[in-house]
Amino acid sequence: MNVSQTIETEEDLLSCLQIKFYHPQQSCRALYSLLPLGSRTRLSADDPLRFGRDSQSCTFSLHDPRVSRKQLALFAYRTSHSPDMLFTIQNLSQRGRLSVNGQALGYLERTDLPDKALVRFGEYEMLIIRESGEAKASFEVEFEVLTVPPSREMCMYEPSVTPVMDTGSRVMNSFPLQLSAVGPSETDESLMCHS
């Protein structure tokens, strides 16, 4: 076996976390400008994967002043019962609420990350999907931005407090309509982008 085949085989065995972000104002703010979107990044399994707004103390930063300096961390681990690399998630924010598949985590609380998890903090939704692999020293992450909240796909959608903006025509009225909370909850992103 030549060297290139060995490298490809090792890469195929790496676990990968696909992390898909959604924020209702992502189209008009550069929230993800510091993330390596569309490419896989290899990381050491020894170090926690930290997210927050502080680029010095976090592995990956979000360009948003409303995100905590250190928001959350993902830790890789292995068990004697499985060859796969598994992960836990920890809330690092003292004031921010974090939930994993609807389960709230307080400050410094941890929980195991399932193979598919919806993580929420502030107005952010992160869909994290784990692709299994047997490599022991490293794993990969791949970032993507979603156009629709992943909570809809997972049937965990919570309507926003923003009223639905739909006049039924292509002409926008200058005042918001107050619609019942029974129908779909959508927002017109062009009206939300005043910053």
# chains A, B, ... in the order shown; residues from 1 in each chain; ligands from 1
>>> select_by_dssp(residues="region 22-76 of chain A", states="strand (DSSP E or B)", output="number ranges by chain")
A: 22, 37, 40-44, 49-52, 60-61, 72-76
>>> write_last_selection(atoms="C-alpha atoms", output="mmCIF file, in the first residue's frame")
data_model
loop_
_atom_site.group_PDB
_atom_site.id
_atom_site.type_symbol
_atom_site.label_atom_id
_atom_site.label_comp_id
_atom_site.auth_asym_id
_atom_site.auth_seq_id
_atom_site.Cartn_x
_atom_site.Cartn_y
_atom_site.Cartn_z
ATOM 1 C CA TYR A 22 -29.338 28.752 11.766
ATOM 2 C CA LEU A 37 -17.723 27.060 6.028
ATOM 3 C CA ARG A 40 -13.616 19.910 6.904
ATOM 4 C CA THR A 41 -11.256 20.885 9.710
ATOM 5 C CA ARG A 42 -9.227 18.267 11.542
ATOM 6 C CA LEU A 43 -8.963 18.707 15.329
ATOM 7 C CA SER A 44 -7.188 16.936 18.144
ATOM 8 C CA LEU A 49 -14.049 22.201 20.902
ATOM 9 C CA ARG A 50 -15.196 25.588 22.268
ATOM 10 C CA PHE A 51 -17.680 28.014 20.693
ATOM 11 C CA GLY A 52 -18.289 31.626 21.705
ATOM 12 C CA PHE A 60 -14.420 28.674 16.654
ATOM 13 C CA SER A 61 -15.970 32.095 17.111
ATOM 14 C CA LEU A 72 -20.406 25.894 24.858
ATOM 15 C CA ALA A 73 -17.830 23.138 24.566
ATOM 16 C CA LEU A 74 -17.802 19.706 22.956
ATOM 17 C CA PHE A 75 -15.561 17.023 24.461
ATOM 18 C CA ALA A 76 -14.494 13.851 22.640
#
>>> residues_around(residues="Ser132 (chain A)", least_positions_apart="2", cutoff="7 Å", atoms="only C-alpha atoms", output="JSON, numbers by chain")
{"A": [15, 16, 84, 85, 130]}
>>> write_last_selection(atoms="N, CA and C atoms", output="PDB file, in the first residue's frame")
ATOM      1  N   SER A  15     -13.969  10.353  12.852  1.00  0.00           N
ATOM      2  CA  SER A  15     -15.326  10.800  13.160  1.00  0.00           C
ATOM      3  C   SER A  15     -15.465  12.217  12.640  1.00  0.00           C
ATOM      4  N   CYS A  16     -16.673  12.577  12.251  1.00  0.00           N
ATOM      5  CA  CYS A  16     -16.912  13.946  11.778  1.00  0.00           C
ATOM      6  C   CYS A  16     -18.179  14.478  12.424  1.00  0.00           C
ATOM      7  N   ASP A  84     -16.160   3.663  18.474  1.00  0.00           N
ATOM      8  CA  ASP A  84     -16.488   5.010  17.988  1.00  0.00           C
ATOM      9  C   ASP A  84     -16.059   6.099  18.952  1.00  0.00           C
ATOM     10  N   MET A  85     -15.758   7.263  18.386  1.00  0.00           N
ATOM     11  CA  MET A  85     -15.515   8.449  19.195  1.00  0.00           C
ATOM     12  C   MET A  85     -16.876   9.074  19.497  1.00  0.00           C
ATOM     13  N   ARG A 130     -23.364  13.447  14.108  1.00  0.00           N
ATOM     14  CA  ARG A 130     -22.090  12.744  14.261  1.00  0.00           C
ATOM     15  C   ARG A 130     -21.996  11.605  13.266  1.00  0.00           C
TER      16      ARG A 130
END
>>> residues_around(residues="Ile89 (chain A)", least_positions_apart="5", cutoff="12 Å", atoms="only C-alpha atoms", output="PyMOL selection string")
chain A and resi 48-51+71-77+98-101+103-114+117-120+128
>>> atom_distance(atom1="CA of Cys58 (chain A)", atom2="CA of Lys70 (chain A)")
6.8 Å
>>> select_by_dssp(residues="region 4-94 of chain A", states="helix (DSSP H, G or I)", output="ChimeraX atom specification")
/A:4-12
>>> write_last_selection(atoms="C-alpha atoms", output="CSV table (one decimal), in the first residue's frame")
chain,number,residue,atom,x,y,z
A,4,SER,CA,-1.5,8.2,-0.4
A,5,GLN,CA,-3.7,5.1,0.1
A,6,THR,CA,-2.7,5.0,3.8
A,7,ILE,CA,-3.6,8.6,4.3
A,8,GLU,CA,-7.0,8.2,2.6
A,9,THR,CA,-7.7,5.1,4.8
A,10,GLU,CA,-6.9,7.0,8.0
A,11,GLU,CA,-9.1,10.0,6.9
A,12,ASP,CA,-12.0,7.6,6.2
>>> residues_around(residues="His63 (chain A)", least_positions_apart="4", cutoff="10 Å", atoms="only C-alpha atoms", output="PyMOL selection string")
chain A and resi 29-35+52-55+67
>>> write_last_selection(atoms="all heavy atoms", output="short mmCIF file (atom, residue, chain, number, x, y, z; two decimals), in the first residue's frame")
data_model
loop_
_atom_site.label_atom_id
_atom_site.label_comp_id
_atom_site.auth_asym_id
_atom_site.auth_seq_id
_atom_site.Cartn_x
_atom_site.Cartn_y
_atom_site.Cartn_z
N ARG A 29 -26.54 39.74 8.68
CA ARG A 29 -25.42 39.94 9.60
C ARG A 29 -24.36 38.88 9.34
O ARG A 29 -24.69 37.75 9.02
CB ARG A 29 -25.91 39.84 11.05
CG ARG A 29 -26.92 40.95 11.38
CD ARG A 29 -27.56 40.80 12.72
NE ARG A 29 -26.58 40.74 13.78
CZ ARG A 29 -26.79 40.16 14.95
NH1 ARG A 29 -27.94 39.58 15.20
NH2 ARG A 29 -25.87 40.15 15.87
N ALA A 30 -23.12 39.24 9.48
CA ALA A 30 -22.01 38.32 9.20
C ALA A 30 -21.68 37.46 10.42
O ALA A 30 -20.56 37.47 10.92
CB ALA A 30 -20.80 39.11 8.75
N LEU A 31 -22.65 36.72 10.91
CA LEU A 31 -22.50 35.94 12.13
C LEU A 31 -21.46 34.83 12.01
O LEU A 31 -20.81 34.48 12.98
CB LEU A 31 -23.85 35.32 12.52
CG LEU A 31 -25.00 36.30 12.73
CD1 LEU A 31 -26.30 35.53 12.91
CD2 LEU A 31 -24.72 37.21 13.90
N TYR A 32 -21.33 34.26 10.82
CA TYR A 32 -20.48 33.09 10.63
C TYR A 32 -19.19 33.41 9.87
O TYR A 32 -18.53 32.50 9.37
CB TYR A 32 -21.26 32.01 9.87
CG TYR A 32 -22.65 31.78 10.41
CD1 TYR A 32 -23.77 32.01 9.62
CD2 TYR A 32 -22.85 31.36 11.72
CE1 TYR A 32 -25.05 31.80 10.11
CE2 TYR A 32 -24.12 31.16 12.22
CZ TYR A 32 -25.22 31.38 11.41
OH TYR A 32 -26.48 31.19 11.91
N SER A 33 -18.82 34.66 9.82
CA SER A 33 -17.65 35.07 9.04
C SER A 33 -16.34 34.47 9.56
O SER A 33 -15.37 34.40 8.83
CB SER A 33 -17.55 36.59 8.98
OG SER A 33 -17.39 37.11 10.29
N LEU A 34 -16.31 34.03 10.80
CA LEU A 34 -15.08 33.47 11.38
C LEU A 34 -15.04 31.94 11.32
O LEU A 34 -14.08 31.33 11.79
CB LEU A 34 -14.94 33.93 12.84
CG LEU A 34 -14.92 35.46 13.04
CD1 LEU A 34 -14.94 35.80 14.52
CD2 LEU A 34 -13.72 36.07 12.35
N LEU A 35 -16.06 31.32 10.75
CA LEU A 35 -16.12 29.86 10.64
C LEU A 35 -15.61 29.40 9.27
O LEU A 35 -15.89 30.05 8.27
CB LEU A 35 -17.55 29.35 10.83
CG LEU A 35 -18.20 29.58 12.19
CD1 LEU A 35 -19.63 29.05 12.16
CD2 LEU A 35 -17.42 28.91 13.29
N GLY A 52 -17.93 30.39 21.02
CA GLY A 52 -18.29 31.63 21.71
C GLY A 52 -17.85 32.80 20.86
O GLY A 52 -17.47 32.64 19.71
N ARG A 53 -17.89 33.99 21.43
CA ARG A 53 -17.48 35.16 20.65
C ARG A 53 -16.01 35.52 20.84
O ARG A 53 -15.45 36.27 20.06
CB ARG A 53 -18.38 36.35 20.96
CG ARG A 53 -18.12 37.04 22.26
CD ARG A 53 -18.86 38.37 22.37
NE ARG A 53 -18.43 39.05 23.56
CZ ARG A 53 -18.96 38.89 24.76
NH1 ARG A 53 -19.99 38.10 24.91
NH2 ARG A 53 -18.47 39.54 25.79
N ASP A 54 -15.35 34.95 21.86
CA ASP A 54 -13.95 35.25 22.14
C ASP A 54 -13.04 34.36 21.30
O ASP A 54 -12.89 33.17 21.57
CB ASP A 54 -13.66 35.04 23.63
CG ASP A 54 -12.25 35.43 24.02
OD1 ASP A 54 -11.47 35.87 23.16
OD2 ASP A 54 -11.92 35.29 25.21
N SER A 55 -12.42 34.94 20.29
CA SER A 55 -11.58 34.17 19.38
C SER A 55 -10.28 33.69 20.04
O SER A 55 -9.64 32.77 19.55
CB SER A 55 -11.26 34.97 18.12
OG SER A 55 -10.58 36.15 18.45
N VAL A 67 -23.63 36.72 21.84
CA VAL A 67 -23.15 35.38 22.21
C VAL A 67 -22.19 35.55 23.38
O VAL A 67 -21.41 36.50 23.44
CB VAL A 67 -22.44 34.72 21.00
CG1 VAL A 67 -21.75 33.44 21.40
CG2 VAL A 67 -23.45 34.46 19.89
#
>>> closest_residue(among="A:Gln94, A:Leu14, A:Thr147, A:Phe21", to="Tyr124 (chain A)", atoms="only C-alpha atoms")
A:Phe21
>>> closest_residue(among="A:Val148, A:Val141, A:Ala135, A:Ile19", to="Pro83 (chain A)", atoms="only C-alpha atoms")
A:Ala135
>>> atom_distance(atom1="CA of Gly96 (chain A)", atom2="CA of Glu142 (chain A)")
24.7 Å
>>> decode(residues="region 87-144 of chain A", atoms="C-alpha atoms", output="JSON list (two decimals), in the first residue's frame")
[["chain", "number", "residue", "atom", "x", "y", "z"],
["A", 87, "PHE", "CA", -18.99, 13.50, 22.45],
["A", 88, "THR", "CA", -20.42, 15.38, 25.40],
["A", 89, "ILE", "CA", -21.63, 18.98, 25.36],
["A", 90, "GLN", "CA", -21.20, 21.49, 28.20],
["A", 91, "ASN", "CA", -22.82, 24.88, 28.78],
["A", 92, "LEU", "CA", -20.06, 27.44, 29.45],
["A", 93, "SER", "CA", -22.34, 30.48, 29.66],
["A", 94, "GLN", "CA", -23.28, 31.75, 33.12],
["A", 95, "ARG", "CA", -26.17, 33.83, 31.85],
["A", 96, "GLY", "CA", -27.18, 32.09, 28.63],
["A", 97, "ARG", "CA", -29.64, 29.23, 28.38],
["A", 98, "LEU", "CA", -28.53, 26.17, 26.42],
["A", 99, "SER", "CA", -30.70, 23.22, 25.47],
["A", 100, "VAL", "CA", -29.94, 19.92, 23.77],
["A", 101, "ASN", "CA", -32.95, 18.25, 22.13],
["A", 102, "GLY", "CA", -35.17, 20.22, 24.50],
["A", 103, "GLN", "CA", -33.19, 19.36, 27.67],
["A", 104, "ALA", "CA", -31.94, 22.53, 29.40],
["A", 105, "LEU", "CA", -28.35, 22.60, 30.65],
["A", 106, "GLY", "CA", -27.33, 24.98, 33.44],
["A", 107, "TYR", "CA", -23.94, 26.59, 33.75],
["A", 108, "LEU", "CA", -21.15, 23.95, 33.55],
["A", 109, "GLU", "CA", -23.65, 21.09, 33.19],
["A", 110, "ARG", "CA", -22.84, 18.39, 30.63],
["A", 111, "THR", "CA", -24.76, 15.75, 28.76],
["A", 112, "ASP", "CA", -23.90, 13.12, 26.16],
["A", 113, "LEU", "CA", -24.40, 14.31, 22.61],
["A", 114, "PRO", "CA", -26.63, 11.94, 20.63],
["A", 115, "ASP", "CA", -25.85, 11.10, 17.00],
["A", 116, "LYS", "CA", -28.26, 13.87, 15.93],
["A", 117, "ALA", "CA", -28.81, 16.79, 18.29],
["A", 118, "LEU", "CA", -30.56, 20.13, 18.13],
["A", 119, "VAL", "CA", -28.64, 22.60, 20.28],
["A", 120, "ARG", "CA", -30.20, 26.00, 21.04],
["A", 121, "PHE", "CA", -28.81, 29.12, 22.67],
["A", 122, "GLY", "CA", -30.12, 32.65, 22.23],
["A", 123, "GLU", "CA", -31.68, 32.75, 18.77],
["A", 124, "TYR", "CA", -29.19, 30.21, 17.41],
["A", 125, "GLU", "CA", -30.00, 26.67, 16.42],
["A", 126, "MET", "CA", -27.19, 24.19, 15.79],
["A", 127, "LEU", "CA", -27.97, 20.84, 14.26],
["A", 128, "ILE", "CA", -25.05, 18.54, 15.12],
["A", 129, "ILE", "CA", -24.81, 15.21, 13.31],
["A", 130, "ARG", "CA", -22.09, 12.74, 14.26],
["A", 131, "GLU", "CA", -20.61, 10.54, 11.56],
["A", 132, "SER", "CA", -18.90, 7.67, 13.34],
["A", 133, "GLY", "CA", -15.27, 6.82, 12.93],
["A", 134, "GLU", "CA", -12.64, 4.81, 14.74],
["A", 135, "ALA", "CA", -9.67, 7.19, 14.76],
["A", 136, "LYS", "CA", -8.44, 7.70, 18.32],
["A", 137, "ALA", "CA", -6.43, 10.92, 18.21],
["A", 138, "SER", "CA", -8.46, 13.29, 16.05],
["A", 139, "PHE", "CA", -11.81, 14.06, 14.47],
["A", 140, "GLU", "CA", -13.18, 16.49, 11.90],
["A", 141, "VAL", "CA", -15.81, 19.21, 11.94],
["A", 142, "GLU", "CA", -17.68, 20.58, 8.96],
["A", 143, "PHE", "CA", -19.80, 23.75, 9.13],
["A", 144, "GLU", "CA", -22.84, 24.65, 7.10]]
